[in-house]
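Structure, as structure tokens:
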Amino acid sequence: MTISPAMPTLPCHAGVRELESLRSPHVTFVVFVNGFVCKSPKLVTADDFTAHSLDKPGNTSNPQGSAVTPVFVEQLTGLNTLGVSLARLDFAPYGLIVPHYHPRGTEIMTVLEGELYVGFVTSAPDFKLFTKIVKKGDVFVFPKGLVHFQFNYGAKKAVAISGLGSQDPGVVLVPNAVFGSNPPINDGILAKAFQLDKKIIDYLQSKF
């Protein structure tokens, strides 16, 4: 595997002694943990555990009117193997974070400003929808792997902070995955799945 200079180098806290035993004394980077290059413990500094991004509002000038500012392992290398991360969620009036799910982490969210209509859907066979209006100081949990959304139903901006149970929780945007895959899913398959005419499917795919 080629190591790109742009690839993050991480402290890799878990099993430091075991990692050191694999390291040649003449090399800085030797092993991959969670797909990232480990940094020699001797080179780790406080900067590896510090991020400076959640004080800045995200750009909500987009069709959804929302922005997510992540602090995952890619942004804060010291998170590797620790199983936690954060994200700032910004919403313009009537802004939406589209239905999505995190395959590798539960999300717990608290509202800092405004009010949000949030919810998640359970898995088969029930597909039960749980929704709630959450206000400043309220906390809501989105279980790992379940489709969920956050919507600012008010005329003022809203801000929330989410903690996630993984340093790299992943995100799958349902509309993008279904209608914007590369290459596209066959329109006949989607037409049958959604019981729609192919022309409607083609139109939806053209939006992505």
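By convention here, the chains of the structure tokens are called A, B, ... in the order presented, each chain's residues are numbered starting at 1, and ligands are numbered starting at 1 in the order presented.
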
request  = Give the strand (DSSP E) residues of region 140-180 of chain A, as DSSP finds them on the backbone, and put them as number ranges by chain.
outcome  = A: 140-142, 148-151, 158-164, 172-173

ask   = If you run DSSP on the backbone, which residues of region 7-169 of chain A are helix (DSSP H, G or I), as a list in words?
value = Val16, Arg17, Glu18, Leu19, Glu20, Ser21, Pro41, Lys42, Leu43, Ala46, Asp47, Asp48, Phe49, Thr77, Gly78 and Leu79 of chain A

request  = Extract, using only C-alpha atoms, all DNA, RNA and protein residues at most 12 Å from region 131-148 of chain A, discarding same-chain residues fewer than 6 positions from it, and format them as a PyMOL selection string.
outcome  = chain A and resi 96-124+154+158-166+169-175

Store the residues of this selection in a file with N, CA and C atoms, as a compact mmCIF listing (two decimals), in the first residue's frame.
```txt
# COMPACT_ATOMS: atom_id res chain seq x y z
N LEU A 96 -32.85 21.38 6.64
CA LEU A 96 -33.02 19.94 6.87
C LEU A 96 -31.71 19.19 6.71
N ILE A 97 -31.43 18.29 7.62
CA ILE A 97 -30.42 17.25 7.39
C ILE A 97 -31.19 16.03 6.93
N VAL A 98 -30.98 15.64 5.68
CA VAL A 98 -31.83 14.65 5.02
C VAL A 98 -31.75 13.30 5.73
N PRO A 99 -32.76 12.45 5.54
CA PRO A 99 -32.71 11.11 6.14
C PRO A 99 -31.39 10.41 5.82
N HIS A 100 -30.77 9.89 6.87
CA HIS A 100 -29.44 9.27 6.74
C HIS A 100 -29.25 8.32 7.90
N TYR A 101 -28.15 7.59 7.87
CA TYR A 101 -27.81 6.76 9.03
C TYR A 101 -26.30 6.65 9.15
N HIS A 102 -25.87 6.31 10.37
CA HIS A 102 -24.45 6.11 10.66
C HIS A 102 -24.21 4.62 10.89
N PRO A 103 -23.53 3.95 9.98
CA PRO A 103 -23.36 2.50 10.11
C PRO A 103 -22.49 2.06 11.28
N ARG A 104 -21.67 2.98 11.82
CA ARG A 104 -20.72 2.56 12.85
C ARG A 104 -20.87 3.30 14.17
N GLY A 105 -21.96 4.04 14.37
CA GLY A 105 -22.06 4.76 15.63
C GLY A 105 -23.44 5.28 15.96
N THR A 106 -23.82 5.20 17.24
CA THR A 106 -25.01 5.86 17.76
C THR A 106 -24.73 7.36 17.83
N GLU A 107 -25.77 8.17 17.65
CA GLU A 107 -25.64 9.63 17.73
C GLU A 107 -26.47 10.16 18.88
N ILE A 108 -25.90 11.03 19.70
CA ILE A 108 -26.64 11.71 20.76
C ILE A 108 -26.49 13.20 20.53
N MET A 109 -27.62 13.90 20.44
CA MET A 109 -27.63 15.30 20.00
C MET A 109 -28.24 16.19 21.07
N THR A 110 -27.66 17.37 21.26
CA THR A 110 -28.27 18.38 22.12
C THR A 110 -28.40 19.69 21.35
N VAL A 111 -29.49 20.39 21.57
CA VAL A 111 -29.77 21.63 20.87
C VAL A 111 -29.16 22.80 21.63
N LEU A 112 -28.41 23.64 20.92
CA LEU A 112 -27.81 24.84 21.52
C LEU A 112 -28.64 26.09 21.25
N GLU A 113 -29.33 26.09 20.12
CA GLU A 113 -30.08 27.28 19.71
C GLU A 113 -31.22 26.86 18.81
N GLY A 114 -32.41 27.45 19.01
CA GLY A 114 -33.55 27.14 18.17
C GLY A 114 -34.28 25.88 18.61
N GLU A 115 -35.11 25.37 17.71
CA GLU A 115 -35.88 24.16 17.95
C GLU A 115 -35.82 23.28 16.71
N LEU A 116 -35.80 21.97 16.92
CA LEU A 116 -35.71 21.02 15.82
C LEU A 116 -36.79 19.96 15.94
N TYR A 117 -37.30 19.54 14.79
CA TYR A 117 -38.16 18.36 14.71
C TYR A 117 -37.28 17.21 14.25
N VAL A 118 -37.13 16.20 15.09
CA VAL A 118 -36.20 15.11 14.79
C VAL A 118 -36.92 13.77 14.90
N GLY A 119 -36.33 12.75 14.28
CA GLY A 119 -36.92 11.44 14.39
C GLY A 119 -36.06 10.36 13.78
N PHE A 120 -36.40 9.11 14.11
CA PHE A 120 -35.74 7.96 13.50
C PHE A 120 -36.76 6.86 13.27
N VAL A 121 -36.42 5.94 12.38
CA VAL A 121 -37.30 4.84 12.01
C VAL A 121 -36.64 3.53 12.40
N THR A 122 -37.39 2.66 13.07
CA THR A 122 -36.83 1.37 13.47
C THR A 122 -36.71 0.45 12.26
N SER A 123 -36.06 -0.68 12.47
CA SER A 123 -35.84 -1.63 11.38
C SER A 123 -37.06 -2.52 11.16
N ALA A 124 -36.99 -3.38 10.14
CA ALA A 124 -38.08 -4.30 9.80
C ALA A 124 -38.33 -5.24 10.98
N GLY A 154 -38.58 26.13 12.25
CA GLY A 154 -38.82 27.52 12.61
C GLY A 154 -38.24 28.51 11.63
N ALA A 158 -30.98 27.44 13.72
CA ALA A 158 -30.84 26.50 14.83
C ALA A 158 -29.44 25.91 14.80
N VAL A 159 -28.95 25.54 15.98
CA VAL A 159 -27.62 24.96 16.11
C VAL A 159 -27.71 23.80 17.10
N ALA A 160 -27.01 22.72 16.78
CA ALA A 160 -26.96 21.56 17.68
C ALA A 160 -25.56 20.97 17.66
N ILE A 161 -25.25 20.22 18.69
CA ILE A 161 -24.00 19.47 18.76
C ILE A 161 -24.35 18.00 18.92
N SER A 162 -23.69 17.15 18.14
CA SER A 162 -23.91 15.71 18.23
C SER A 162 -22.63 15.00 18.64
N GLY A 163 -22.77 14.06 19.56
CA GLY A 163 -21.69 13.14 19.87
C GLY A 163 -22.00 11.81 19.22
N LEU A 164 -20.98 11.13 18.74
CA LEU A 164 -21.18 9.85 18.06
C LEU A 164 -20.27 8.79 18.66
N GLY A 165 -20.78 7.56 18.69
CA GLY A 165 -20.08 6.47 19.35
C GLY A 165 -19.06 5.77 18.49
N SER A 166 -18.31 6.54 17.72
CA SER A 166 -17.23 6.01 16.90
C SER A 166 -16.35 7.17 16.49
N PRO A 169 -17.82 7.37 12.39
CA PRO A 169 -19.14 6.75 12.37
C PRO A 169 -19.68 6.47 10.98
N GLY A 170 -19.16 7.17 9.98
CA GLY A 170 -19.69 7.00 8.63
C GLY A 170 -21.06 7.65 8.50
N VAL A 171 -21.43 7.98 7.28
CA VAL A 171 -22.77 8.52 7.04
C VAL A 171 -23.24 8.07 5.66
N VAL A 172 -24.47 7.60 5.60
CA VAL A 172 -25.11 7.22 4.34
C VAL A 172 -26.34 8.09 4.18
N LEU A 173 -26.32 9.00 3.21
CA LEU A 173 -27.47 9.84 2.92
C LEU A 173 -28.43 9.02 2.06
N VAL A 174 -29.61 8.76 2.57
CA VAL A 174 -30.53 7.84 1.90
C VAL A 174 -30.89 8.31 0.49
N PRO A 175 -31.29 9.57 0.28
CA PRO A 175 -31.62 9.99 -1.09
C PRO A 175 -30.44 9.85 -2.05
```

Residues within 12 Å of region 191-203 of chain A, only C-alpha atoms, excluding chain neighbours under 3 positions, as a PyMOL selection string = chain A and resi 175+178-180+184-188+206-208

Generate the output file for the selected residues, C-alpha atoms, as a PDB file, in the first residue's frame.
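Written out: part_7.pdb:
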```
ATOM      1  CA  PRO A 175     -31.617   9.991  -1.094  1.00  0.00           C
ATOM      2  CA  VAL A 178     -30.710   5.444  -3.709  1.00  0.00           C
ATOM      3  CA  PHE A 179     -30.934   8.028  -6.491  1.00  0.00           C
ATOM      4  CA  GLY A 180     -27.372   9.315  -6.756  1.00  0.00           C
ATOM      5  CA  PRO A 184     -26.808   4.653 -11.085  1.00  0.00           C
ATOM      6  CA  ILE A 185     -29.067   1.867  -9.877  1.00  0.00           C
ATOM      7  CA  ASN A 186     -31.106   0.543 -12.808  1.00  0.00           C
ATOM      8  CA  ASP A 187     -34.265   2.645 -13.117  1.00  0.00           C
ATOM      9  CA  GLY A 188     -36.348  -0.483 -13.621  1.00  0.00           C
ATOM     10  CA  SER A 206     -31.263  13.579 -12.580  1.00  0.00           C
ATOM     11  CA  LYS A 207     -31.418  15.645  -9.386  1.00  0.00           C
ATOM     12  CA  PHE A 208     -28.280  13.946  -8.097  1.00  0.00           C
TER      13      PHE A 208
END
```

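Our summary of the geometry notes that CA of Leu54 (chain A) is positioned 6.0 Å from CA of Arg88 (chain A).
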
query = Closest to Lys56 (chain A) among A:Gly95, A:Pro70, A:Pro183, A:Pro125, using only C-alpha atoms?
reply = A:Pro70

ask   = Which is closer to Pro93 (chain A) than all the others in A:Thr77, A:Asn152, A:Gln167, A:Asn62, using only C-alpha atoms?
value =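 Checking each of A:Thr77, A:Asn152, A:Gln167, A:Asn62 against Pro93 (chain A), counting only C-alpha atoms, the winner is A:Asn152.
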